[in-house]
Amino acid sequence: MKISYNWLSTYIKTDLEVQKIGEILTNTGLEVESIEKTGTQNQSLEGVVVGKVMTLEKHPNADKLQIATVDVGTTETLQIVCGAPNIAEEQKVPVATVGTVLTSPDGKSFTIKEAKLRNVASFGMICSEAELGVSENHDGIWVLEPSHKVGTPISEIIKKPSTDTLIEIGLTPNRTDAMSHFGVARDLNAALNVLKLKSELIALNSNEEFDQIKTEGKNPIQIEIKNPELVPRYAGIYLENLTIKPSPNWLQDRLKTIGLNPINNVVDITNYILHDLGQPLHAFDADKISGNKIIVQTLERGSKFKTLEGVERELNGSELMICDDKQGMCIAGVYGGIDSGVTESTNKIFLESAYFDPITVRKTSKSHGLNTDSSFRFERGVDPNMTIQALKKAVVLLVELADAKVVGEIFDHYPTPIENFKTVLRYHKLDQLLGERLHREQVKGILESLDIQVISESNETLELSIPPYRADVQREVDVIEEILRIYGYNKIKTPEKIAFTPVKNLEKNAQRVENVAAQTLISLGFHEAMNNSVVKAQYQEIFGLDESTGVKLLNPLSSDLSVMRQSMLPGLLENTAYNINRKNSDLKFFEFGKIYNKTDSGYQENYQLAILLSGNKSAENWANPTVKSNFFTLKGVVTEVLTRLGITEIKEIPYTNSNYAEAISLQVDGKELGVLGICSKGILKKMDVGQEIFYAEFNWDLILELVGEFQLKFKDIPKFPAVKRDLALLIDKGISYSELFTSAQNLKLELMKSVQLFDVYEGDKLPEGKKSYALSFILQDEEKTLGDAEIEKTMNELIRNFQTNFNAELRN
C-alpha cells in the first residue's frame, strides 16, 4: 500500500523525520518496504518547453519508432524520434531540448544530446510525466492541455511544483483498519503516544462542513433493498448541476504520489476518499438510472452483465447487484457497469456509500477474477461507522470542486447496527504470553490509544469493547497481540539464562530426518524452493494427471490458483523457467511439500521430497572445463541423500511415464520409494523450458519408515595401505551396473572396501548384444599389509561370481 507523507501529515502532526516514522510503523506491524522522494522542482525543468507535434511518420528502420516534427516556438522545428504509443499529430507535449539535464527515477542525472536512433537524427526528447518527476506514470508521453502556448516553459505550467515522500507499506491482509491514510495516522499516533513522543491526531471534521451545505428538494431516487442480509448498511445522496473538469493541483498531486492517474474531479474525489478514509464510493450517472430507482438485489443465475471494460459476464446468482428498474448497473463492491459511470457529459449523480457483506464480495471477486481497490477493502471488512462520514466528506469536496448542489437528505439503510466486539483480557494471560509484566495503567493506556474501550475491570481482568473497524481483533489473544505490537516487540527482554533438562529422545524425529536430508542437499550446492500448493487447473492436462482425483477449490483466489497440486514437478519447472529467462541456467532445486488427491474414502495428502537438476555441474571458470549435468549426476545426488539416511538396499526398476523420456523407479521391499529420470521434451516445451531437466521425487513418508540410524560414527584411520585392482568385463547389454555391484556386495568379502564403475564401452569392435564395463575394486586389511596371495584370492572370487551369475568374460 502506498502512502503520501504530505497526505499523512494532514491527519497527524509530529516533528519526527520521515525515516523515523517509517521505523516506528515497521515496529508496530506496518512494515515499511521503501521510502522515496517524489515530485519535481522548478530547477529540474529548465530547458523543458511546450511543443506541438506537427507531423508524424514511421521510422524506416524500426517498427515501434516514429519520427515527429515538433514546433517548440523557435524559428525552426525539431526532428525527434519517439517510441511512445500514444503520440499523435496536433498534440501539445513537453519537450526536453538539447542540453537539458533530467533526473532519472533512481536519482541519476543525464543530459539530453543530439543522437541517432537507428540512423535517424533526433534533437531532443518528448517526455512522460515520470521522466519529469511529475508522477510515476511512464506508460506514454505526457499529453498537455491544447490551450498551452507553444514554447512556454513547463515550469510555468506546473505553477506549484510539488515534492512529497512516498511510503510503501507491505500491508498484511488482516489489517483492514490501516488501508487508508487516516488508518495509518491513527495507528502511528497510538505508537507515538506510548513512546511519549509529540503527536497530535487531527480529528475528522466533515460533519461540520456538511451541515453548512444547503440542500434543496427531495432525493428523486427511490431505493429498495431486497437482500438486506448481504448489505448491512447502504447509504446514498443525490447531487446535480455538477461541472466535470480536471481536479485542482493538490488533489492531482496526492493521487499521483500514490500511483493513480487523475481522471476528472468526480472520479478523483471518489478515489481520494477511498485512500483517505478507506471507504469505497461509487458515483452513478443519475440520468442513466432507469425509472429513478435503485434496487439492491441478486439476479438470476445465467443473467448477463457487461462490466466497465466492455466484457460481458455471466452471473452465477450469488452476486449482489446494484440495479435500476431494467438492468444491473454495478456488481456491488467489486466493479461498475459499462453504462453506470461518470462521463464528461454527466451533470447529475447518485453517490453511493455502503458496507457490503465481506464474504459475498470475496466470493464474487474471486469467481469473476475481478480484483479492485474496492473489492480489496470490502472483502476484508471496511468500517461500517465510516460509511456516512466518508459520504459527507465526498459531498463537501463535490460542492467545492465540482459546483455540485445537494438534493434531498442522505438515504441511510442501517436496520441492525453492527455492534462492537466484546472480549475479556486476563492479566495473567497477558504476562504469560509477553514474558514480562506490564504496568496495568500502561496496558489501559495502550488500549485507549487503539480505541479499545474498557467496559469494566477488576484486579485480574478487563472487559473490553472493540470497534468494528478492527475486524481482526475479536479474541483475547488478538488484544494481547495489539498490546505487544504497540508496546514494541523490541522492548521485550531476552532472558539471559534458559534452563532445561536434557532428555534423550529415543523416538525417530521426522523434522530431524528432514533437516539431515536438506543439509545434505545444501552441501551439494542445492537451493530449497517453496511453491504454492495451489496451481493452475490446466496442469492436470499438461502433466497427464487424473482430473477425477484432483482437489478443486470451491472459492479459488484466481483461475491460476484453483486446484491443489498433484505433483511437485509443475512448481519446480515454473521456478526453472523463471530463472532461465533471467540468464540463470545452472540450477539445483529441492523442495519438501505435500501433494493432494481425492480418493473413494475422502481426501489424501502425501508428503514428498522433489529434486531438480539442470545446466552445468558447477560454475564456469578458467581452471575447470564446463561439464553438463546428466542423469547420473542426479542419481549420485539421490544416492548420497539416501545413504546419509541409512537407506542402501534399493532395487532399480525401469519406469514409464509421459512426463519422463527415461526414468527408473527405486523400490524397497516391493514399495516404490521414488522415481528419477529425464523430463520429456514435450513437457518442457509446454512449460517454456529450453534445456534438459533431471528430476526425482520421493515418498517421504516411506523414507521416514525406512530411515536408519544416521548418527556420525568414528573409527581409526587404517595404518596399512589399500590396493586397487581393475576388471574389464564383457557382458550382455541388458545387465546393469547395479546388478554387478549388488552381486559383488553379496559376497561379503572382508577385504573389499569399495566398487566403482569407471568406464563403459559399446561399439562395433564388440560382439553384437555385448558391452564392456570396467570396474575398480579397493582392497584393504586394517590389521596388516596385503600379500599377493590374498589379493589374488579375492579377485578370483569376484571373477568367478561375475562369470557364474552374468556369463561375463574378462577383456585384456
# chains A, B, ... in the order shown; residues from 1 in each chain; ligands from 1

call {"tool": "select_by_dssp", "arguments": {"residues": "segment 480-701 of chain A", "states": "strand (DSSP E or B)", "output": "compact mmCIF listing (two decimals) with C-alpha atoms, in the first residue's frame"}}
result
# COMPACT_ATOMS: atom_id res chain seq x y z
CA HIS A 527 18.74 -24.38 -3.06
CA GLU A 528 15.42 -25.02 -1.35
CA VAL A 534 -2.49 -24.34 -5.26
CA VAL A 535 -1.76 -24.46 -9.01
CA LYS A 552 -10.59 -28.30 -6.72
CA SER A 558 -7.93 -16.80 -9.24
CA LEU A 561 -4.82 -20.88 -8.39
CA VAL A 563 -6.53 -26.81 -7.93
CA MET A 564 -4.40 -28.40 -5.21
CA LEU A 587 20.05 -24.86 -11.42
CA LYS A 588 19.84 -27.15 -8.40
CA PHE A 589 16.50 -27.14 -6.56
CA PHE A 590 14.88 -29.27 -3.90
CA GLU A 591 11.50 -28.93 -2.21
CA PHE A 592 9.64 -30.60 0.61
CA GLY A 593 5.86 -30.41 0.36
CA LYS A 594 2.54 -32.15 0.09
CA ILE A 595 0.59 -33.36 -2.91
CA TYR A 596 -3.17 -33.78 -2.74
CA ASN A 597 -5.57 -36.31 -4.22
CA LYS A 598 -9.19 -37.31 -3.86
CA THR A 599 -9.93 -40.96 -3.17
CA GLY A 602 -12.00 -38.99 1.13
CA TYR A 603 -9.00 -36.74 0.61
CA GLN A 604 -5.38 -37.83 0.78
CA GLU A 605 -2.20 -35.84 1.47
CA ASN A 606 1.26 -37.25 0.74
CA TYR A 607 4.48 -35.61 1.86
CA GLN A 608 7.21 -35.65 -0.79
CA LEU A 609 10.78 -34.62 -1.50
CA ALA A 610 11.44 -33.37 -5.03
CA ILE A 611 14.88 -32.73 -6.53
CA LEU A 612 15.53 -30.93 -9.83
CA LEU A 613 18.85 -30.54 -11.62
CA SER A 614 19.73 -28.70 -14.84
CA ASN A 616 26.26 -27.26 -15.67
CA LYS A 628 26.87 -30.64 -18.17
CA LYS A 651 16.24 -52.08 -6.22
CA GLU A 652 16.14 -50.21 -9.53
CA ILE A 653 13.32 -50.94 -11.98
CA PRO A 654 12.66 -49.25 -15.36
CA TYR A 660 9.80 -38.70 -18.45
CA ALA A 661 11.85 -39.52 -21.53
CA GLU A 662 13.68 -42.12 -19.45
CA ALA A 663 13.29 -43.00 -15.78
CA ILE A 664 13.83 -45.61 -13.11
CA SER A 665 11.81 -46.50 -10.04
CA LEU A 666 13.65 -47.03 -6.75
CA GLN A 667 12.00 -49.73 -4.65
CA VAL A 668 12.50 -51.22 -1.22
CA LYS A 671 7.34 -50.49 -2.23
CA GLU A 672 8.13 -47.56 -4.51
CA LEU A 673 10.44 -45.19 -2.69
CA GLY A 674 10.67 -42.73 -5.57
CA VAL A 675 11.27 -42.06 -9.25
CA LEU A 676 14.11 -40.28 -11.00
CA GLY A 677 14.63 -39.58 -14.66
CA ILE A 678 14.92 -37.17 -17.58
CA CYS A 679 11.90 -34.92 -18.19
CA ILE A 693 15.89 -31.27 -16.88
CA PHE A 694 16.67 -34.14 -14.50
CA TYR A 695 14.04 -34.71 -11.85
CA ALA A 696 13.42 -37.02 -8.89
CA GLU A 697 10.57 -37.23 -6.41
CA PHE A 698 10.27 -39.42 -3.32
CA ASN A 699 7.59 -40.68 -0.98

call {"tool": "residues_around", "arguments": {"residues": "segment 56-62 of chain A", "least_positions_apart": "5", "cutoff": "9 Å", "atoms": "only C-alpha atoms", "output": "list in words"}}
result
Ile67, Ala68, Thr69, Val81, Ile87, Ala88, Glu89, Arg118, Asn119 and Val120 of chain A

call {"tool": "residues_around", "arguments": {"residues": "Phe284 of chain A", "least_positions_apart": "5", "cutoff": "7 Å", "atoms": "only C-alpha atoms", "output": "PyMOL selection string"}}
result
chain A and resi 340-342+349-351

call {"tool": "write_last_selection", "arguments": {"atoms": "N, CA and C atoms", "output": "PDB file, in the first residue's frame"}}
result
ATOM      1  N   SER A 340     -22.807   2.848 -16.242  1.00  0.00           N
ATOM      2  CA  SER A 340     -23.154   3.482 -14.968  1.00  0.00           C
ATOM      3  C   SER A 340     -22.200   4.581 -14.548  1.00  0.00           C
ATOM      4  N   GLY A 341     -21.032   4.666 -15.182  1.00  0.00           N
ATOM      5  CA  GLY A 341     -20.001   5.568 -14.707  1.00  0.00           C
ATOM      6  C   GLY A 341     -20.192   7.016 -15.110  1.00  0.00           C
ATOM      7  N   VAL A 342     -19.336   7.852 -14.546  1.00  0.00           N
ATOM      8  CA  VAL A 342     -19.355   9.288 -14.810  1.00  0.00           C
ATOM      9  C   VAL A 342     -18.589   9.587 -16.098  1.00  0.00           C
ATOM     10  N   ILE A 349     -25.490  13.052 -10.300  1.00  0.00           N
ATOM     11  CA  ILE A 349     -25.001  11.751  -9.838  1.00  0.00           C
ATOM     12  C   ILE A 349     -25.757  11.291  -8.601  1.00  0.00           C
ATOM     13  N   PHE A 350     -25.806   9.988  -8.436  1.00  0.00           N
ATOM     14  CA  PHE A 350     -26.209   9.392  -7.164  1.00  0.00           C
ATOM     15  C   PHE A 350     -24.937   8.798  -6.571  1.00  0.00           C
ATOM     16  N   LEU A 351     -24.541   9.298  -5.421  1.00  0.00           N
ATOM     17  CA  LEU A 351     -23.296   8.873  -4.795  1.00  0.00           C
ATOM     18  C   LEU A 351     -23.586   7.818  -3.726  1.00  0.00           C
TER      19      LEU A 351
END

call {"tool": "residues_around", "arguments": {"residues": "Gln279 of chain A", "least_positions_apart": "6", "cutoff": "10 Å", "atoms": "only C-alpha atoms", "output": "mmCIF file with C-alpha atoms, in the first residue's frame"}}
result
data_model
loop_
_atom_site.group_PDB
_atom_site.id
_atom_site.type_symbol
_atom_site.label_atom_id
_atom_site.label_comp_id
_atom_site.auth_asym_id
_atom_site.auth_seq_id
_atom_site.Cartn_x
_atom_site.Cartn_y
_atom_site.Cartn_z
ATOM 1 C CA MET A 179 -5.878 0.539 4.454
ATOM 2 C CA SER A 180 -6.095 4.329 4.329
ATOM 3 C CA THR A 270 -14.153 9.028 -5.045
ATOM 4 C CA ASN A 271 -10.595 7.682 -5.408
ATOM 5 C CA TYR A 272 -9.372 10.235 -2.903
ATOM 6 C CA ILE A 273 -11.930 9.196 -0.259
ATOM 7 C CA SER A 353 -21.511 4.570 0.215
ATOM 8 C CA ALA A 354 -22.118 1.137 1.733
ATOM 9 C CA TYR A 355 -20.979 -1.731 3.908
ATOM 10 C CA SER A 374 -12.870 -1.504 -3.654
ATOM 11 C CA ARG A 377 -11.283 -3.482 1.131
ATOM 12 C CA PHE A 378 -14.883 -4.690 1.111
ATOM 13 C CA VAL A 382 -14.477 -1.834 5.984
ATOM 14 C CA ASP A 383 -15.579 0.299 8.938
ATOM 15 C CA PRO A 384 -19.418 0.372 8.954
ATOM 16 C CA MET A 386 -17.269 5.350 8.380
ATOM 17 C CA THR A 387 -19.989 4.970 5.736
ATOM 18 C CA ILE A 388 -21.736 8.285 6.379
ATOM 19 C CA GLN A 389 -18.571 10.123 7.423
ATOM 20 C CA ALA A 390 -16.932 9.316 4.077
ATOM 21 C CA LEU A 391 -20.084 10.196 2.137
#

call {"tool": "closest_residue", "arguments": {"among": "A:Pro262, A:Pro232, A:Gly47, A:Gly445", "to": "Ile418 of chain A", "atoms": "only C-alpha atoms"}}
result
A:Pro232

call {"tool": "residues_around", "arguments": {"residues": "Asn264 of chain A", "least_positions_apart": "4", "cutoff": "10 Å", "atoms": "only C-alpha atoms", "output": "ChimeraX atom specification"}}
result
/A:243-248,252,268-269,342-344,402

call {"tool": "select_by_dssp", "arguments": {"residues": "segment 129-372 of chain A", "states": "alpha helix (DSSP H)", "output": "PyMOL selection string"}}
result
chain A and resi 154-157+181-194+206-211+249-257+265-277+358-368

call {"tool": "residues_around", "arguments": {"residues": "Asp287 of chain A", "least_positions_apart": "4", "cutoff": "9 Å", "atoms": "only C-alpha atoms", "output": "mmCIF file with C-alpha atoms, in the first residue's frame"}}
result
data_model
loop_
_atom_site.group_PDB
_atom_site.id
_atom_site.type_symbol
_atom_site.label_atom_id
_atom_site.label_comp_id
_atom_site.auth_asym_id
_atom_site.auth_seq_id
_atom_site.Cartn_x
_atom_site.Cartn_y
_atom_site.Cartn_z
ATOM 1 C CA ASN A 292 -35.093 6.831 -10.933
ATOM 2 C CA THR A 346 -22.561 13.913 -16.564
ATOM 3 C CA ASN A 347 -24.233 16.654 -14.518
ATOM 4 C CA LYS A 348 -26.241 14.632 -12.005
ATOM 5 C CA ILE A 349 -25.001 11.751 -9.838
#

call {"tool": "closest_residue", "arguments": {"among": "A:Thr111, A:Tyr487, A:Tyr469, A:Ala510", "to": "Lys444 of chain A", "atoms": "only C-alpha atoms"}}
result
A:Tyr487

call {"tool": "atom_distance", "arguments": {"atom1": "atom CA of Glu131 of chain A", "atom2": "atom CA of Leu260 of chain A"}}
result
16.2 Å

call {"tool": "closest_residue", "arguments": {"among": "A:Leu740, A:Ile24, A:Leu166, A:Ile466", "to": "Asn420 of chain A", "atoms": "only C-alpha atoms"}}
result
A:Ile466

call {"tool": "atom_distance", "arguments": {"atom1": "atom CA of Thr360 of chain A", "atom2": "atom CA of Lys306 of chain A"}}
result
19.6 Å

call {"tool": "residues_around", "arguments": {"residues": "Leu484 of chain A", "least_positions_apart": "3", "cutoff": "10 Å", "atoms": "only C-alpha atoms", "output": "ChimeraX atom specification"}}
result
/A:28,430,433-434,443,446,478-481,487-492

call {"tool": "atom_distance", "arguments": {"atom1": "atom CA of Ser104 of chain A", "atom2": "atom CA of Gln79 of chain A"}}
result
23.2 Å

call {"tool": "closest_residue", "arguments": {"among": "A:Asn189, A:Gln327, A:Ser465, A:Ser585", "to": "Ser449 of chain A", "atoms": "only C-alpha atoms"}}
result
A:Asn189

call {"tool": "decode", "arguments": {"residues": "segment 331-366 of chain A", "atoms": "N, CA and C atoms", "output": "PDB file, in the first residue's frame"}}
result
ATOM      1  N   ILE A 331     -21.721  -4.429 -10.034  1.00  0.00           N
ATOM      2  CA  ILE A 331     -21.519  -5.560  -9.128  1.00  0.00           C
ATOM      3  C   ILE A 331     -21.103  -4.960  -7.798  1.00  0.00           C
ATOM      4  N   ALA A 332     -21.963  -5.083  -6.805  1.00  0.00           N
ATOM      5  CA  ALA A 332     -21.789  -4.375  -5.542  1.00  0.00           C
ATOM      6  C   ALA A 332     -20.423  -4.629  -4.922  1.00  0.00           C
ATOM      7  N   GLY A 333     -19.700  -3.541  -4.680  1.00  0.00           N
ATOM      8  CA  GLY A 333     -18.422  -3.625  -4.001  1.00  0.00           C
ATOM      9  C   GLY A 333     -17.271  -4.106  -4.850  1.00  0.00           C
ATOM     10  N   VAL A 334     -17.536  -4.433  -6.124  1.00  0.00           N
ATOM     11  CA  VAL A 334     -16.490  -5.040  -6.949  1.00  0.00           C
ATOM     12  C   VAL A 334     -16.198  -4.224  -8.205  1.00  0.00           C
ATOM     13  N   TYR A 335     -17.209  -4.037  -9.078  1.00  0.00           N
ATOM     14  CA  TYR A 335     -16.935  -3.438 -10.392  1.00  0.00           C
ATOM     15  C   TYR A 335     -18.190  -2.773 -10.937  1.00  0.00           C
ATOM     16  N   GLY A 336     -17.995  -1.633 -11.606  1.00  0.00           N
ATOM     17  CA  GLY A 336     -19.101  -0.914 -12.199  1.00  0.00           C
ATOM     18  C   GLY A 336     -19.486  -1.451 -13.565  1.00  0.00           C
ATOM     19  N   GLY A 337     -20.687  -1.103 -13.989  1.00  0.00           N
ATOM     20  CA  GLY A 337     -21.163  -1.486 -15.309  1.00  0.00           C
ATOM     21  C   GLY A 337     -20.744  -0.486 -16.362  1.00  0.00           C
ATOM     22  N   ILE A 338     -20.860  -0.892 -17.614  1.00  0.00           N
ATOM     23  CA  ILE A 338     -20.347  -0.064 -18.709  1.00  0.00           C
ATOM     24  C   ILE A 338     -21.116   1.239 -18.871  1.00  0.00           C
ATOM     25  N   ASP A 339     -22.388   1.277 -18.440  1.00  0.00           N
ATOM     26  CA  ASP A 339     -23.198   2.483 -18.635  1.00  0.00           C
ATOM     27  C   ASP A 339     -23.454   3.258 -17.344  1.00  0.00           C
ATOM     28  N   SER A 340     -22.807   2.848 -16.242  1.00  0.00           N
ATOM     29  CA  SER A 340     -23.154   3.482 -14.968  1.00  0.00           C
ATOM     30  C   SER A 340     -22.200   4.581 -14.548  1.00  0.00           C
ATOM     31  N   GLY A 341     -21.032   4.666 -15.182  1.00  0.00           N
ATOM     32  CA  GLY A 341     -20.001   5.568 -14.707  1.00  0.00           C
ATOM     33  C   GLY A 341     -20.192   7.016 -15.110  1.00  0.00           C
ATOM     34  N   VAL A 342     -19.336   7.852 -14.546  1.00  0.00           N
ATOM     35  CA  VAL A 342     -19.355   9.288 -14.810  1.00  0.00           C
ATOM     36  C   VAL A 342     -18.589   9.587 -16.098  1.00  0.00           C
ATOM     37  N   THR A 343     -19.181  10.414 -16.964  1.00  0.00           N
ATOM     38  CA  THR A 343     -18.529  10.835 -18.205  1.00  0.00           C
ATOM     39  C   THR A 343     -18.443  12.358 -18.231  1.00  0.00           C
ATOM     40  N   GLU A 344     -17.865  12.899 -19.306  1.00  0.00           N
ATOM     41  CA  GLU A 344     -17.722  14.352 -19.409  1.00  0.00           C
ATOM     42  C   GLU A 344     -19.069  15.066 -19.493  1.00  0.00           C
ATOM     43  N   SER A 345     -20.108  14.336 -19.918  1.00  0.00           N
ATOM     44  CA  SER A 345     -21.428  14.956 -20.054  1.00  0.00           C
ATOM     45  C   SER A 345     -22.291  14.807 -18.801  1.00  0.00           C
ATOM     46  N   THR A 346     -21.787  14.140 -17.794  1.00  0.00           N
ATOM     47  CA  THR A 346     -22.561  13.913 -16.564  1.00  0.00           C
ATOM     48  C   THR A 346     -22.754  15.233 -15.815  1.00  0.00           C
ATOM     49  N   ASN A 347     -23.993  15.485 -15.377  1.00  0.00           N
ATOM     50  CA  ASN A 347     -24.233  16.654 -14.518  1.00  0.00           C
ATOM     51  C   ASN A 347     -25.081  16.335 -13.296  1.00  0.00           C
ATOM     52  N   LYS A 348     -25.505  15.069 -13.189  1.00  0.00           N
ATOM     53  CA  LYS A 348     -26.241  14.632 -12.005  1.00  0.00           C
ATOM     54  C   LYS A 348     -25.692  13.270 -11.596  1.00  0.00           C
ATOM     55  N   ILE A 349     -25.490  13.052 -10.300  1.00  0.00           N
ATOM     56  CA  ILE A 349     -25.001  11.751  -9.838  1.00  0.00           C
ATOM     57  C   ILE A 349     -25.757  11.291  -8.601  1.00  0.00           C
ATOM     58  N   PHE A 350     -25.806   9.988  -8.436  1.00  0.00           N
ATOM     59  CA  PHE A 350     -26.209   9.392  -7.164  1.00  0.00           C
ATOM     60  C   PHE A 350     -24.937   8.798  -6.571  1.00  0.00           C
ATOM     61  N   LEU A 351     -24.541   9.298  -5.421  1.00  0.00           N
ATOM     62  CA  LEU A 351     -23.296   8.873  -4.795  1.00  0.00           C
ATOM     63  C   LEU A 351     -23.586   7.818  -3.726  1.00  0.00           C
ATOM     64  N   GLU A 352     -22.995   6.636  -3.904  1.00  0.00           N
ATOM     65  CA  GLU A 352     -23.259   5.502  -3.032  1.00  0.00           C
ATOM     66  C   GLU A 352     -22.115   5.286  -2.051  1.00  0.00           C
ATOM     67  N   SER A 353     -22.474   4.979  -0.799  1.00  0.00           N
ATOM     68  CA  SER A 353     -21.511   4.570   0.215  1.00  0.00           C
ATOM     69  C   SER A 353     -22.157   3.444   1.007  1.00  0.00           C
ATOM     70  N   ALA A 354     -21.449   2.303   1.152  1.00  0.00           N
ATOM     71  CA  ALA A 354     -22.118   1.137   1.733  1.00  0.00           C
ATOM     72  C   ALA A 354     -21.147   0.271   2.516  1.00  0.00           C
ATOM     73  N   TYR A 355     -21.736  -0.657   3.269  1.00  0.00           N
ATOM     74  CA  TYR A 355     -20.979  -1.731   3.908  1.00  0.00           C
ATOM     75  C   TYR A 355     -21.589  -3.033   3.394  1.00  0.00           C
ATOM     76  N   PHE A 356     -20.877  -3.696   2.494  1.00  0.00           N
ATOM     77  CA  PHE A 356     -21.358  -4.945   1.911  1.00  0.00           C
ATOM     78  C   PHE A 356     -20.798  -6.136   2.692  1.00  0.00           C
ATOM     79  N   ASP A 357     -21.537  -7.220   2.688  1.00  0.00           N
ATOM     80  CA  ASP A 357     -21.108  -8.435   3.379  1.00  0.00           C
ATOM     81  C   ASP A 357     -19.755  -8.891   2.809  1.00  0.00           C
ATOM     82  N   PRO A 358     -18.716  -8.967   3.635  1.00  0.00           N
ATOM     83  CA  PRO A 358     -17.372  -9.299   3.129  1.00  0.00           C
ATOM     84  C   PRO A 358     -17.307 -10.642   2.412  1.00  0.00           C
ATOM     85  N   ILE A 359     -18.009 -11.648   2.921  1.00  0.00           N
ATOM     86  CA  ILE A 359     -17.937 -12.981   2.310  1.00  0.00           C
ATOM     87  C   ILE A 359     -18.516 -12.959   0.901  1.00  0.00           C
ATOM     88  N   THR A 360     -19.650 -12.267   0.734  1.00  0.00           N
ATOM     89  CA  THR A 360     -20.276 -12.174  -0.590  1.00  0.00           C
ATOM     90  C   THR A 360     -19.357 -11.478  -1.583  1.00  0.00           C
ATOM     91  N   VAL A 361     -18.752 -10.375  -1.166  1.00  0.00           N
ATOM     92  CA  VAL A 361     -17.849  -9.632  -2.060  1.00  0.00           C
ATOM     93  C   VAL A 361     -16.654 -10.499  -2.421  1.00  0.00           C
ATOM     94  N   ARG A 362     -16.108 -11.206  -1.432  1.00  0.00           N
ATOM     95  CA  ARG A 362     -14.926 -12.032  -1.700  1.00  0.00           C
ATOM     96  C   ARG A 362     -15.242 -13.133  -2.702  1.00  0.00           C
ATOM     97  N   LYS A 363     -16.377 -13.822  -2.519  1.00  0.00           N
ATOM     98  CA  LYS A 363     -16.748 -14.887  -3.451  1.00  0.00           C
ATOM     99  C   LYS A 363     -16.973 -14.337  -4.852  1.00  0.00           C
ATOM    100  N   THR A 364     -17.626 -13.192  -4.936  1.00  0.00           N
ATOM    101  CA  THR A 364     -17.898 -12.584  -6.246  1.00  0.00           C
ATOM    102  C   THR A 364     -16.604 -12.178  -6.931  1.00  0.00           C
ATOM    103  N   SER A 365     -15.728 -11.528  -6.192  1.00  0.00           N
ATOM    104  CA  SER A 365     -14.453 -11.072  -6.754  1.00  0.00           C
ATOM    105  C   SER A 365     -13.632 -12.239  -7.284  1.00  0.00           C
ATOM    106  N   LYS A 366     -13.552 -13.321  -6.520  1.00  0.00           N
ATOM    107  CA  LYS A 366     -12.724 -14.454  -6.934  1.00  0.00           C
ATOM    108  C   LYS A 366     -13.372 -15.229  -8.080  1.00  0.00           C
TER     109      LYS A 366
END
